[in-house]
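*Asks:* My file is model.cif. It has mmCIF, C-alpha atoms and all ligand atoms:
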data_final
#
loop_
_atom_site.label_atom_id
_atom_site.label_comp_id
_atom_site.auth_asym_id
_atom_site.auth_seq_id
_atom_site.Cartn_x
_atom_site.Cartn_y
_atom_site.Cartn_z
CA MET R 20 -53.94 -97.03 11.30
CA LYS R 21 -53.04 -100.00 13.38
CA GLN R 22 -54.48 -102.47 10.92
CA ARG R 23 -53.28 -102.93 7.40
CA VAL R 24 -55.65 -103.54 4.56
CA GLY R 25 -55.21 -106.99 3.10
CA SER R 26 -54.14 -107.56 -0.48
CA GLY R 27 -56.38 -108.91 -3.21
CA ASP R 28 -54.16 -111.99 -3.47
CA MET R 29 -54.77 -112.76 0.16
CA VAL R 30 -58.50 -112.46 -0.36
CA ASN R 31 -58.43 -114.74 -3.37
CA SER R 32 -56.37 -117.39 -1.64
CA LEU R 33 -58.57 -117.65 1.42
CA PRO R 34 -59.84 -121.15 2.09
CA GLN R 35 -63.54 -121.70 1.61
CA LEU R 36 -65.36 -121.32 4.85
CA HIS R 37 -67.63 -124.06 5.96
CA TRP R 38 -70.58 -123.08 8.04
CA LEU R 39 -70.02 -125.86 10.54
CA ASP R 40 -66.49 -124.67 11.17
CA VAL R 41 -67.53 -121.06 11.21
CA LEU R 42 -70.14 -121.57 13.83
CA GLY R 43 -68.26 -124.08 15.88
CA ALA R 44 -70.66 -126.90 15.21
CA SER R 45 -68.24 -129.14 13.37
CA SER R 46 -67.45 -131.22 16.38
CA GLY R 47 -69.89 -133.59 18.01
CA SER R 48 -72.13 -136.33 16.72
CA GLY R 49 -73.84 -136.48 13.35
CA LEU R 50 -77.08 -135.75 15.11
CA ALA R 51 -75.68 -132.61 16.72
CA LYS R 52 -74.38 -131.46 13.35
CA ARG R 53 -77.73 -132.06 11.67
CA ARG R 54 -79.50 -130.23 14.45
CA SER R 55 -77.07 -127.33 14.13
CA TRP R 56 -77.63 -127.25 10.40
CA LYS R 57 -81.40 -127.14 10.86
CA VAL R 58 -81.15 -124.35 13.40
CA LEU R 59 -78.80 -122.35 11.21
CA ARG R 60 -80.87 -122.72 8.08
CA GLU R 61 -84.18 -122.04 9.69
CA GLY R 62 -83.09 -119.48 12.21
CA ALA R 63 -84.99 -121.23 14.97
CA PRO R 64 -85.41 -119.40 18.26
CA ILE R 65 -82.01 -118.98 19.84
CA GLU R 66 -83.21 -119.84 23.31
CA ARG R 67 -83.77 -123.34 22.04
CA HIS R 68 -80.20 -123.64 20.96
CA LEU R 69 -77.98 -121.47 23.08
CA GLY R 70 -75.64 -123.61 25.09
CA GLU R 71 -76.62 -126.85 23.40
CA SER R 72 -73.87 -127.44 20.91
CA GLY R 73 -71.71 -124.40 21.40
CA TRP R 74 -72.40 -122.66 18.11
CA PHE R 75 -72.55 -119.38 19.95
CA LYS R 76 -68.84 -119.47 20.22
CA SER R 77 -67.85 -115.85 20.18
CA TRP R 78 -70.50 -113.83 21.94
CA MET R 79 -72.62 -113.89 24.99
CA PRO R 80 -75.68 -111.64 24.82
CA VAL R 81 -75.53 -109.17 27.73
CA ARG R 82 -78.54 -106.96 27.30
CA ILE R 83 -81.03 -105.68 24.81
CA ILE R 84 -81.56 -101.97 24.37
CA GLY R 85 -84.84 -101.00 22.78
CA GLN R 86 -85.49 -97.93 20.69
CA PRO R 87 -89.17 -97.38 21.48
CA GLU R 88 -89.78 -94.56 18.99
CA SER R 89 -88.24 -96.36 16.09
CA GLY R 90 -88.79 -99.96 17.09
CA ALA R 91 -85.12 -100.75 16.51
CA VAL R 92 -83.34 -102.99 18.94
CA LYS R 93 -79.67 -103.07 19.85
CA HIS R 94 -78.02 -106.09 21.36
CA GLN R 95 -75.05 -105.69 23.60
CA LEU R 96 -72.76 -108.67 23.35
CA ARG R 97 -69.74 -109.69 25.34
CA SER R 98 -66.87 -111.51 23.75
CA ASN R 99 -66.35 -114.93 25.29
CA ARG R 100 -62.69 -114.78 24.44
CA TYR R 101 -61.65 -111.18 24.94
CA LEU R 102 -64.23 -110.23 27.54
CA ASP R 103 -64.90 -106.91 25.87
CA ASP R 104 -68.43 -105.57 25.59
CA CYS R 105 -69.88 -104.08 22.48
CA GLU R 106 -73.22 -103.09 21.16
CA MET R 107 -72.96 -105.20 18.11
CA VAL R 108 -76.19 -106.22 16.55
CA VAL R 109 -78.88 -103.79 15.60
CA LEU R 110 -82.08 -105.13 14.22
CA PHE R 111 -84.00 -102.44 12.44
CA PRO R 112 -87.71 -101.88 12.90
CA LYS R 113 -90.35 -103.90 11.21
CA VAL R 114 -90.91 -103.14 7.57
CA GLY R 115 -93.09 -105.93 6.25
CA LYS R 116 -91.61 -109.38 6.43
CA ARG R 117 -88.04 -108.39 5.63
CA ALA R 118 -85.55 -107.58 8.32
CA THR R 119 -82.30 -105.62 8.19
CA VAL R 120 -79.40 -105.95 10.57
CA CYS R 121 -76.47 -103.63 11.13
CA ILE R 122 -73.36 -105.47 12.26
CA SER R 123 -69.92 -104.43 13.47
CA SER R 124 -66.55 -105.30 12.00
CA GLN R 125 -64.25 -104.08 14.77
CA VAL R 126 -64.34 -103.24 18.44
CA GLY R 127 -63.91 -99.47 18.45
CA CYS R 128 -62.59 -97.68 15.39
CA GLY R 129 -59.36 -95.91 14.53
CA VAL R 130 -60.83 -93.28 12.22
CA GLY R 131 -61.82 -91.08 15.15
CA CYS R 132 -64.73 -89.15 13.65
CA LEU R 133 -65.66 -86.27 15.95
CA PHE R 134 -69.38 -86.95 15.82
CA CYS R 135 -69.13 -90.68 16.42
CA ALA R 136 -69.43 -92.44 19.73
CA THR R 137 -67.46 -95.42 18.44
CA GLY R 138 -64.68 -93.14 17.26
CA THR R 139 -64.10 -91.90 20.81
CA MET R 140 -63.16 -95.44 21.85
CA GLY R 141 -60.23 -95.63 19.48
CA PHE R 142 -59.37 -98.90 17.78
CA LYS R 143 -59.48 -101.96 20.04
CA ARG R 144 -59.37 -104.97 17.76
CA ASN R 145 -60.61 -106.51 14.55
CA LEU R 146 -63.47 -108.96 14.64
CA SER R 147 -63.02 -112.37 13.10
CA PRO R 148 -65.32 -113.69 10.34
CA GLU R 149 -66.92 -115.91 12.96
CA GLU R 150 -67.67 -112.96 15.20
CA MET R 151 -69.32 -111.11 12.33
CA LEU R 152 -71.27 -114.13 11.15
CA GLU R 153 -72.59 -114.84 14.59
CA GLN R 154 -74.06 -111.34 14.64
CA VAL R 155 -75.88 -112.17 11.42
CA TYR R 156 -77.01 -115.46 12.82
CA LEU R 157 -78.36 -113.81 15.94
CA ALA R 158 -80.29 -111.36 13.81
CA ARG R 159 -81.69 -114.17 11.66
CA ALA R 160 -82.90 -115.96 14.74
CA LEU R 161 -84.48 -112.82 16.19
CA ALA R 162 -86.17 -111.98 12.91
CA HIS R 163 -87.48 -115.51 12.70
CA GLN R 164 -89.03 -115.14 16.14
CA GLU R 165 -90.98 -112.17 14.80
CA GLY R 166 -92.14 -114.04 11.71
CA ARG R 167 -89.73 -112.16 9.44
CA HIS R 168 -86.72 -113.20 7.44
CA LEU R 169 -83.40 -111.45 7.41
CA ARG R 170 -82.78 -110.01 3.97
CA ASN R 171 -80.37 -107.11 4.40
CA VAL R 172 -77.04 -106.88 6.19
CA VAL R 173 -75.29 -103.54 6.54
CA LEU R 174 -71.75 -103.26 7.88
CA MET R 175 -72.25 -99.88 9.48
CA GLY R 176 -71.82 -100.71 13.12
CA MET R 177 -68.61 -100.32 15.03
CA GLY R 178 -65.47 -100.05 13.01
CA GLU R 179 -64.09 -99.35 9.58
CA PRO R 180 -64.85 -102.57 7.69
CA LEU R 181 -62.12 -101.98 5.13
CA HIS R 182 -59.49 -101.91 7.86
CA ASN R 183 -60.48 -105.51 8.40
CA LEU R 184 -60.86 -106.42 4.76
CA ASP R 185 -59.83 -110.06 4.78
CA ALA R 186 -62.22 -110.97 7.57
CA VAL R 187 -65.01 -108.92 6.00
CA CYS R 188 -64.53 -110.69 2.66
CA ARG R 189 -64.57 -114.08 4.33
CA SER R 190 -67.75 -113.26 6.19
CA ILE R 191 -69.46 -111.94 3.04
CA GLU R 192 -68.35 -115.06 1.20
CA PHE R 193 -70.21 -117.12 3.75
CA MET R 194 -73.25 -114.83 3.86
CA VAL R 195 -73.83 -115.16 0.12
CA SER R 196 -72.98 -118.84 -0.13
CA ASP R 197 -75.77 -121.37 -0.61
CA ARG R 198 -74.04 -123.36 2.07
CA GLY R 199 -74.07 -120.32 4.28
CA PHE R 200 -76.86 -117.81 4.77
CA GLY R 201 -77.77 -117.61 1.08
CA LEU R 202 -78.12 -113.81 1.04
CA ARG R 203 -77.94 -111.80 -2.18
CA GLU R 204 -74.83 -109.70 -2.63
CA ARG R 205 -76.92 -106.65 -3.45
CA HIS R 206 -78.59 -106.93 -0.08
CA ILE R 207 -75.27 -106.42 1.68
CA THR R 208 -73.97 -102.88 2.18
CA VAL R 209 -70.48 -101.98 3.35
CA SER R 210 -69.93 -98.51 4.77
CA THR R 211 -66.47 -97.01 4.69
CA SER R 212 -64.67 -93.81 5.56
CA GLY R 213 -63.16 -94.12 2.10
CA ILE R 214 -60.14 -96.33 1.43
CA PRO R 215 -59.91 -96.34 -2.34
CA SER R 216 -57.81 -99.47 -2.92
CA ALA R 217 -59.87 -101.55 -0.51
CA MET R 218 -63.17 -100.25 -1.92
CA LEU R 219 -62.12 -101.47 -5.35
CA GLN R 220 -60.85 -104.80 -4.06
CA LEU R 221 -64.14 -105.45 -2.35
CA VAL R 222 -66.26 -104.53 -5.36
CA LYS R 223 -64.07 -106.60 -7.71
CA ARG R 224 -64.53 -109.56 -5.40
CA PHE R 225 -68.27 -109.05 -4.81
CA THR R 226 -69.55 -107.11 -7.78
CA SER R 227 -73.05 -106.46 -6.48
CA VAL R 228 -72.26 -105.59 -2.89
CA ARG R 229 -73.36 -102.03 -2.23
CA MET R 230 -70.83 -99.48 -1.12
CA ALA R 231 -71.59 -96.55 1.16
CA LEU R 232 -69.03 -93.77 1.50
CA SER R 233 -69.13 -91.80 4.73
CA LEU R 234 -68.26 -88.41 3.30
CA HIS R 235 -69.70 -85.88 5.78
CA SER R 236 -68.05 -82.95 4.03
CA ALA R 237 -66.95 -82.32 0.46
CA ARG R 238 -64.48 -79.70 1.63
CA ALA R 239 -61.13 -81.31 2.36
CA ASP R 240 -60.30 -79.13 5.38
CA ASP R 241 -63.65 -79.62 7.06
CA ARG R 242 -63.64 -83.33 6.34
CA ARG R 243 -60.18 -83.59 7.87
CA ARG R 244 -61.50 -81.93 11.04
CA LEU R 245 -64.55 -84.19 11.19
CA MET R 246 -62.79 -87.42 10.21
CA PRO R 247 -59.18 -86.91 11.27
CA LYS R 248 -57.83 -90.29 10.22
CA ALA R 249 -59.91 -90.97 7.13
CA PRO R 250 -58.20 -90.90 3.72
CA ASN R 251 -58.97 -87.45 2.44
CA ASP R 252 -58.06 -87.23 -1.23
CA LEU R 253 -61.47 -86.19 -2.55
CA SER R 254 -60.47 -86.42 -6.21
CA LEU R 255 -59.27 -89.97 -5.67
CA LEU R 256 -62.53 -90.81 -3.94
CA GLN R 257 -64.46 -89.45 -6.92
CA GLU R 258 -62.32 -91.54 -9.29
CA THR R 259 -62.88 -94.58 -7.11
CA ILE R 260 -66.65 -94.14 -7.14
CA HIS R 261 -66.52 -93.68 -10.89
CA GLU R 262 -64.67 -96.98 -11.22
CA ILE R 263 -67.11 -98.70 -8.89
CA ASN R 264 -69.97 -97.36 -11.01
CA SER R 265 -68.29 -98.90 -14.07
CA LEU R 266 -67.71 -102.23 -12.34
CA GLN R 267 -71.30 -102.34 -11.15
CA GLY R 268 -72.91 -101.71 -14.52
CA GLY R 269 -74.02 -98.89 -16.75
CA GLU R 270 -76.47 -96.09 -16.09
CA GLY R 271 -79.77 -97.37 -14.78
CA GLU R 272 -78.60 -100.95 -14.46
CA ALA R 273 -77.06 -101.01 -11.05
CA ALA R 274 -77.35 -99.60 -7.60
CA PRO R 275 -75.70 -96.29 -6.82
CA VAL R 276 -72.96 -95.76 -4.30
CA TRP R 277 -74.46 -94.23 -1.18
CA ILE R 278 -72.97 -91.00 0.08
CA GLU R 279 -73.51 -90.77 3.82
CA TYR R 280 -73.55 -87.27 5.21
CA VAL R 281 -74.20 -86.53 8.88
CA LEU R 282 -75.64 -83.02 9.15
CA ILE R 283 -74.03 -81.07 11.99
CA ASP R 284 -75.18 -77.59 12.89
CA SER R 285 -72.77 -74.92 11.62
CA TRP R 286 -70.14 -77.49 10.67
CA ASN R 287 -71.13 -78.86 7.30
CA ASP R 288 -74.66 -77.64 6.60
CA THR R 289 -74.35 -74.29 4.82
CA ASP R 290 -75.51 -73.55 1.27
CA GLU R 291 -71.85 -73.61 0.22
CA ASP R 292 -71.45 -77.05 1.79
CA ALA R 293 -74.43 -78.29 -0.23
CA GLU R 294 -72.97 -76.82 -3.41
CA GLN R 295 -69.62 -78.49 -2.72
CA LEU R 296 -71.36 -81.77 -2.13
CA ALA R 297 -73.35 -81.44 -5.35
CA GLU R 298 -70.09 -80.73 -7.15
CA PHE R 299 -68.50 -83.82 -5.63
CA CYS R 300 -71.42 -85.95 -6.83
CA ARG R 301 -71.62 -84.55 -10.34
CA GLY R 302 -71.23 -87.24 -12.98
CA LEU R 303 -71.29 -90.09 -10.46
CA ARG R 304 -74.04 -92.63 -9.90
CA VAL R 305 -74.63 -91.82 -6.25
CA GLU R 306 -77.45 -91.16 -3.85
CA VAL R 307 -77.02 -88.94 -0.85
CA ASN R 308 -78.30 -89.92 2.57
CA LEU R 309 -78.48 -86.94 4.89
CA ILE R 310 -78.42 -88.05 8.50
CA PRO R 311 -79.16 -85.42 11.13
CA LEU R 312 -76.76 -85.91 14.03
CA ASN R 313 -78.36 -88.01 16.71
CA GLY R 314 -78.47 -85.83 19.84
CA THR R 315 -75.55 -83.69 20.96
CA VAL R 316 -72.00 -84.97 20.90
CA THR R 317 -69.29 -83.28 22.92
CA SER R 318 -65.88 -83.27 21.36
CA GLY R 319 -63.24 -81.58 23.51
CA GLN R 320 -64.64 -78.15 24.35
CA ARG R 321 -67.08 -78.22 21.46
CA ALA R 322 -70.64 -79.44 21.32
CA LEU R 323 -71.84 -80.83 18.02
CA CYS R 324 -75.60 -80.56 17.47
CA ALA R 325 -78.03 -81.66 14.81
CA THR R 326 -78.84 -79.25 12.02
CA PRO R 327 -82.27 -77.64 12.57
CA LYS R 328 -85.08 -79.14 10.52
CA GLU R 329 -85.59 -76.19 8.16
CA ARG R 330 -81.89 -76.19 7.26
CA GLN R 331 -81.94 -79.95 6.73
CA GLN R 332 -84.74 -79.42 4.27
CA ARG R 333 -82.97 -76.56 2.53
CA PHE R 334 -79.77 -78.59 2.25
CA ALA R 335 -81.70 -81.46 0.69
CA ASP R 336 -83.57 -79.12 -1.66
CA LEU R 337 -80.31 -77.59 -2.87
CA LEU R 338 -78.95 -81.04 -3.68
CA ARG R 339 -82.14 -82.11 -5.41
CA GLY R 340 -82.14 -78.86 -7.33
CA ALA R 341 -78.68 -79.85 -8.57
CA GLY R 342 -80.07 -83.18 -9.76
CA ILE R 343 -78.71 -85.31 -6.91
CA LYS R 344 -81.05 -87.93 -5.53
CA THR R 345 -81.23 -87.17 -1.82
CA THR R 346 -82.97 -88.60 1.22
CA ILE R 347 -83.09 -87.23 4.74
CA ARG R 348 -82.76 -90.15 7.06
CA ASN R 349 -84.30 -90.16 10.47
CA SER R 350 -82.30 -90.63 13.63
CA PHE R 351 -80.33 -93.73 14.46
CA GLY R 352 -82.04 -97.02 14.06
CA ASN R 353 -84.93 -95.65 12.11
CA ASP R 354 -83.70 -96.68 8.74
CA GLU R 355 -81.53 -99.34 7.26
CA GLN R 356 -79.16 -96.77 5.78
CA ALA R 357 -78.12 -95.19 9.05
CA ALA R 358 -74.47 -94.16 8.92
CA CYS R 359 -71.72 -96.10 10.55
CA GLY R 360 -70.46 -95.24 13.96
CA GLN R 361 -73.72 -94.63 15.69
CA LEU R 362 -73.17 -97.45 18.10
CA VAL R 363 -72.19 -96.47 21.60
CA THR R 364 -70.57 -98.47 24.30
S1 LIG Q 401 -68.18 -92.86 11.91
FE1 LIG Q 401 -67.53 -94.89 11.19
S2 LIG Q 401 -65.45 -94.54 10.43
FE2 LIG Q 401 -65.94 -92.77 11.75
S3 LIG Q 401 -65.12 -93.34 13.80
FE3 LIG Q 401 -67.27 -93.93 13.68
S4 LIG Q 401 -67.25 -96.11 13.09
FE4 LIG Q 401 -65.25 -95.21 12.57
#
Please rewrite the model in this file as structure tokens.

*Replies:*
Amino acid sequence: MKQRVGSGDMVNSLPQLHWLDVLGASSGSGLAKRRSWKVLREGAPIERHLGESGWFKSWMPVRIIGQPESGAVKHQLRSNRYLDDCEMVVLFPKVGKRATVCISSQVGCGVGCLFCATGTMGFKRNLSPEEMLEQVYLARALAHQEGRHLRNVVLMGMGEPLHNLDAVCRSIEFMVSDRGFGLRERHITVSTSGIPSAMLQLVKRFTSVRMALSLHSARADDRRRLMPKAPNDLSLLQETIHEINSLQGGEGEAAPVWIEYVLIDSWNDTDEDAEQLAEFCRGLRVEVNLIPLNGTVTSGQRALCATPKERQQRFADLLRGAGIKTTIRNSFGNDEQAACGQLVT
């Protein structure tokens, strides 16, 4: 990996972020600051504010890509500084008054998962806390325009968040601060390919933040093929989840760790795969999200396709039969728990 995971000491010694500094509104007159504050707190329509006091420091919106079937919307943003384009912000479809956004933590990703469009880009760069927070701000403003409020943030967009741990911690710090976005920790989910030490650091720092492990196979060899650069010690991952379960409370008191599992035809969807997955989950407080691959992905000479519907159902039934709470998620953008790496450039 090109990026090193930061140490706990570094996280603890980070200076407190101030929203005005974060969003570039600290300069200017008192009136400009007050106006920025009002806009930030209320999530007023962005058109009213873009270009006024420069809060939109990192990104320039390029285009909006709708998902007509699901109602989800992706926003392609261009970095003002690095001039790289990314589909960064995904606002999920309307479910009552609460909105969910999926944000990115890196441009590209170094984990290189075969089924993932982002993985094909390779790692480009880490995003700063400001760049992540501006994605949240954009989503708040868009939700506000629809008469909703942004409740949930999932870090499941581009990148491996725990390869950018310091910046992710700083952005979460601001998201949950009363002087920031005032979100609840338990409404923030961080998805990872599984970096045990960083998973524990994050949960020790933010005890209620929800962790999602992109597992995709409980067989070490198959997982290595699917996720070539992900840490692949499955026993250590089990121990890590067990420790997270302990840190996040006893049975019935706290949220489970999500296990994300993209179902790929003839790769990881046999009865034996389901049994291995059930075995992996045994004794852990986890819930499995099965995510049928979205479309067909070509990797080298091979085409990866979604598991047929009947097999999806059988896979889920086998897990449920083994006592594992399991949900089949619909395709990208149709649910807040969509797996990471489904953003394309
Ligand atoms: S699925 Fe997630 S971890 Fe894997 S390459 Fe894509 S963004 Fe990275």

*Asks:* Quick one: pull the distance between CA of Val222 in chain R and CA of Gln267 in chain R, Å, one decimal.

*Replies:*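 Interatomic distance here is 8.0 Å.
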
*Asks:* Dump as JSON lines the rows for residues of chain R within 6 Å of ligand LIG 401 (chain Q): closest atom pair and distance in Å with one decimal, all atoms listed in the file counted, ordered by chain and rising residue number.

*Replies:*
{"residue": "R:Cys128", "atom": "CA", "partner": "Q:LIG401", "partner_atom": "FE4", "distance": 4.6}
{"residue": "R:Val130", "atom": "CA", "partner": "Q:LIG401", "partner_atom": "S3", "distance": 4.6}
{"residue": "R:Gly131", "atom": "CA", "partner": "Q:LIG401", "partner_atom": "S3", "distance": 4.2}
{"residue": "R:Cys132", "atom": "CA", "partner": "Q:LIG401", "partner_atom": "S3", "distance": 4.2}
{"residue": "R:Cys135", "atom": "CA", "partner": "Q:LIG401", "partner_atom": "FE3", "distance": 4.6}
{"residue": "R:Thr137", "atom": "CA", "partner": "Q:LIG401", "partner_atom": "FE3", "distance": 5.0}
{"residue": "R:Gly138", "atom": "CA", "partner": "Q:LIG401", "partner_atom": "S3", "distance": 3.5}
{"residue": "R:Met177", "atom": "CA", "partner": "Q:LIG401", "partner_atom": "S4", "distance": 4.8}
{"residue": "R:Gly178", "atom": "CA", "partner": "Q:LIG401", "partner_atom": "S4", "distance": 4.3}
{"residue": "R:Glu179", "atom": "CA", "partner": "Q:LIG401", "partner_atom": "S2", "distance": 5.1}
{"residue": "R:Ser212", "atom": "CA", "partner": "Q:LIG401", "partner_atom": "S2", "distance": 5.0}
{"residue": "R:Cys359", "atom": "CA", "partner": "Q:LIG401", "partner_atom": "FE1", "distance": 4.4}
{"residue": "R:Gly360", "atom": "CA", "partner": "Q:LIG401", "partner_atom": "S4", "distance": 3.4}

*Asks:* Pick from R:Val305, R:Ala237, R:Leu161, R:Leu146: nearest to Asn264 in chain R, with all atoms listed in the file counted?

*Replies:* R:Val305

*Asks:* Between R:Met230, R:Met218, R:Ala274, R:Ala91, which one has atoms that come closest to Leu255 in chain R, using all atoms listed in the file?

*Replies:*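 Distance minimum relative to Leu255 in chain R lands on R:Met218.
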
*Asks:* Could you please determine the separation between CA of Thr119 in chain R and CA of His206 in chain R in Å, to one decimal place?

*Replies:* 9.2 Å

*Asks:* Taking into account all atoms listed in the file, which residue in the set R:Ala249, R:Met79, R:Ile84, R:Ala297 is nearest to Ala341 in chain R?

*Replies:*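 When distances to Ala341 in chain R are compared using all atoms listed in the file, the smallest one comes from R:Ala297.
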
*Asks:* CA of Leu184 in chain R and CA of Ala231 in chain R are how many Å apart?

*Replies:* 15.0 Å

*Asks:* May I ask which of the residues R:Ile214, R:Leu152, R:Ile283, R:Ile263 is the closest one to Ile191 in chain R, counting only C-alpha atoms?

*Replies:* R:Leu152

*Asks:* Find the residue from R:Gln125, R:Met151, R:Ser265, R:Tyr101 that sits nearest to Lys223 in chain R; use all atoms listed in the file when measuring.

*Replies:*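 Comparing R:Gln125, R:Met151, R:Ser265, R:Tyr101 against Lys223 in chain R, the winner is R:Ser265.
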
*Asks:* Env of Thr289 in chain R: 10 Å cut, atoms = all atoms listed in the file, seq-sep filter 3 positions within chain, self excluded. Answer as a list in words.

*Replies:* Leu282, Ile283, Asp284, Ser285, Trp286, Asp292, Ala293, Glu294, Gln295, Thr326, Arg330, Gln331, Arg333 and Phe334 of chain R

*Asks:* With all atoms listed in the file as the atoms that count, which of R:Arg189, R:Arg244, R:Arg301, R:Arg321 lies nearest to Lys344 in chain R?

*Replies:*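 When distances to Lys344 in chain R are compared using all atoms listed in the file, the smallest one comes from R:Arg301.
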
*Asks:* Write out as a list in words each polymer residue whose atoms come within 8 Å of Ser147 in chain R, counting all atoms listed in the file; drop sequence neighbours fewer than 2 positions from it.

*Replies:*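 The residues satisfying every condition are Ser124, Asn145, Glu149, Glu150, Met151 and Ala186 of chain R.
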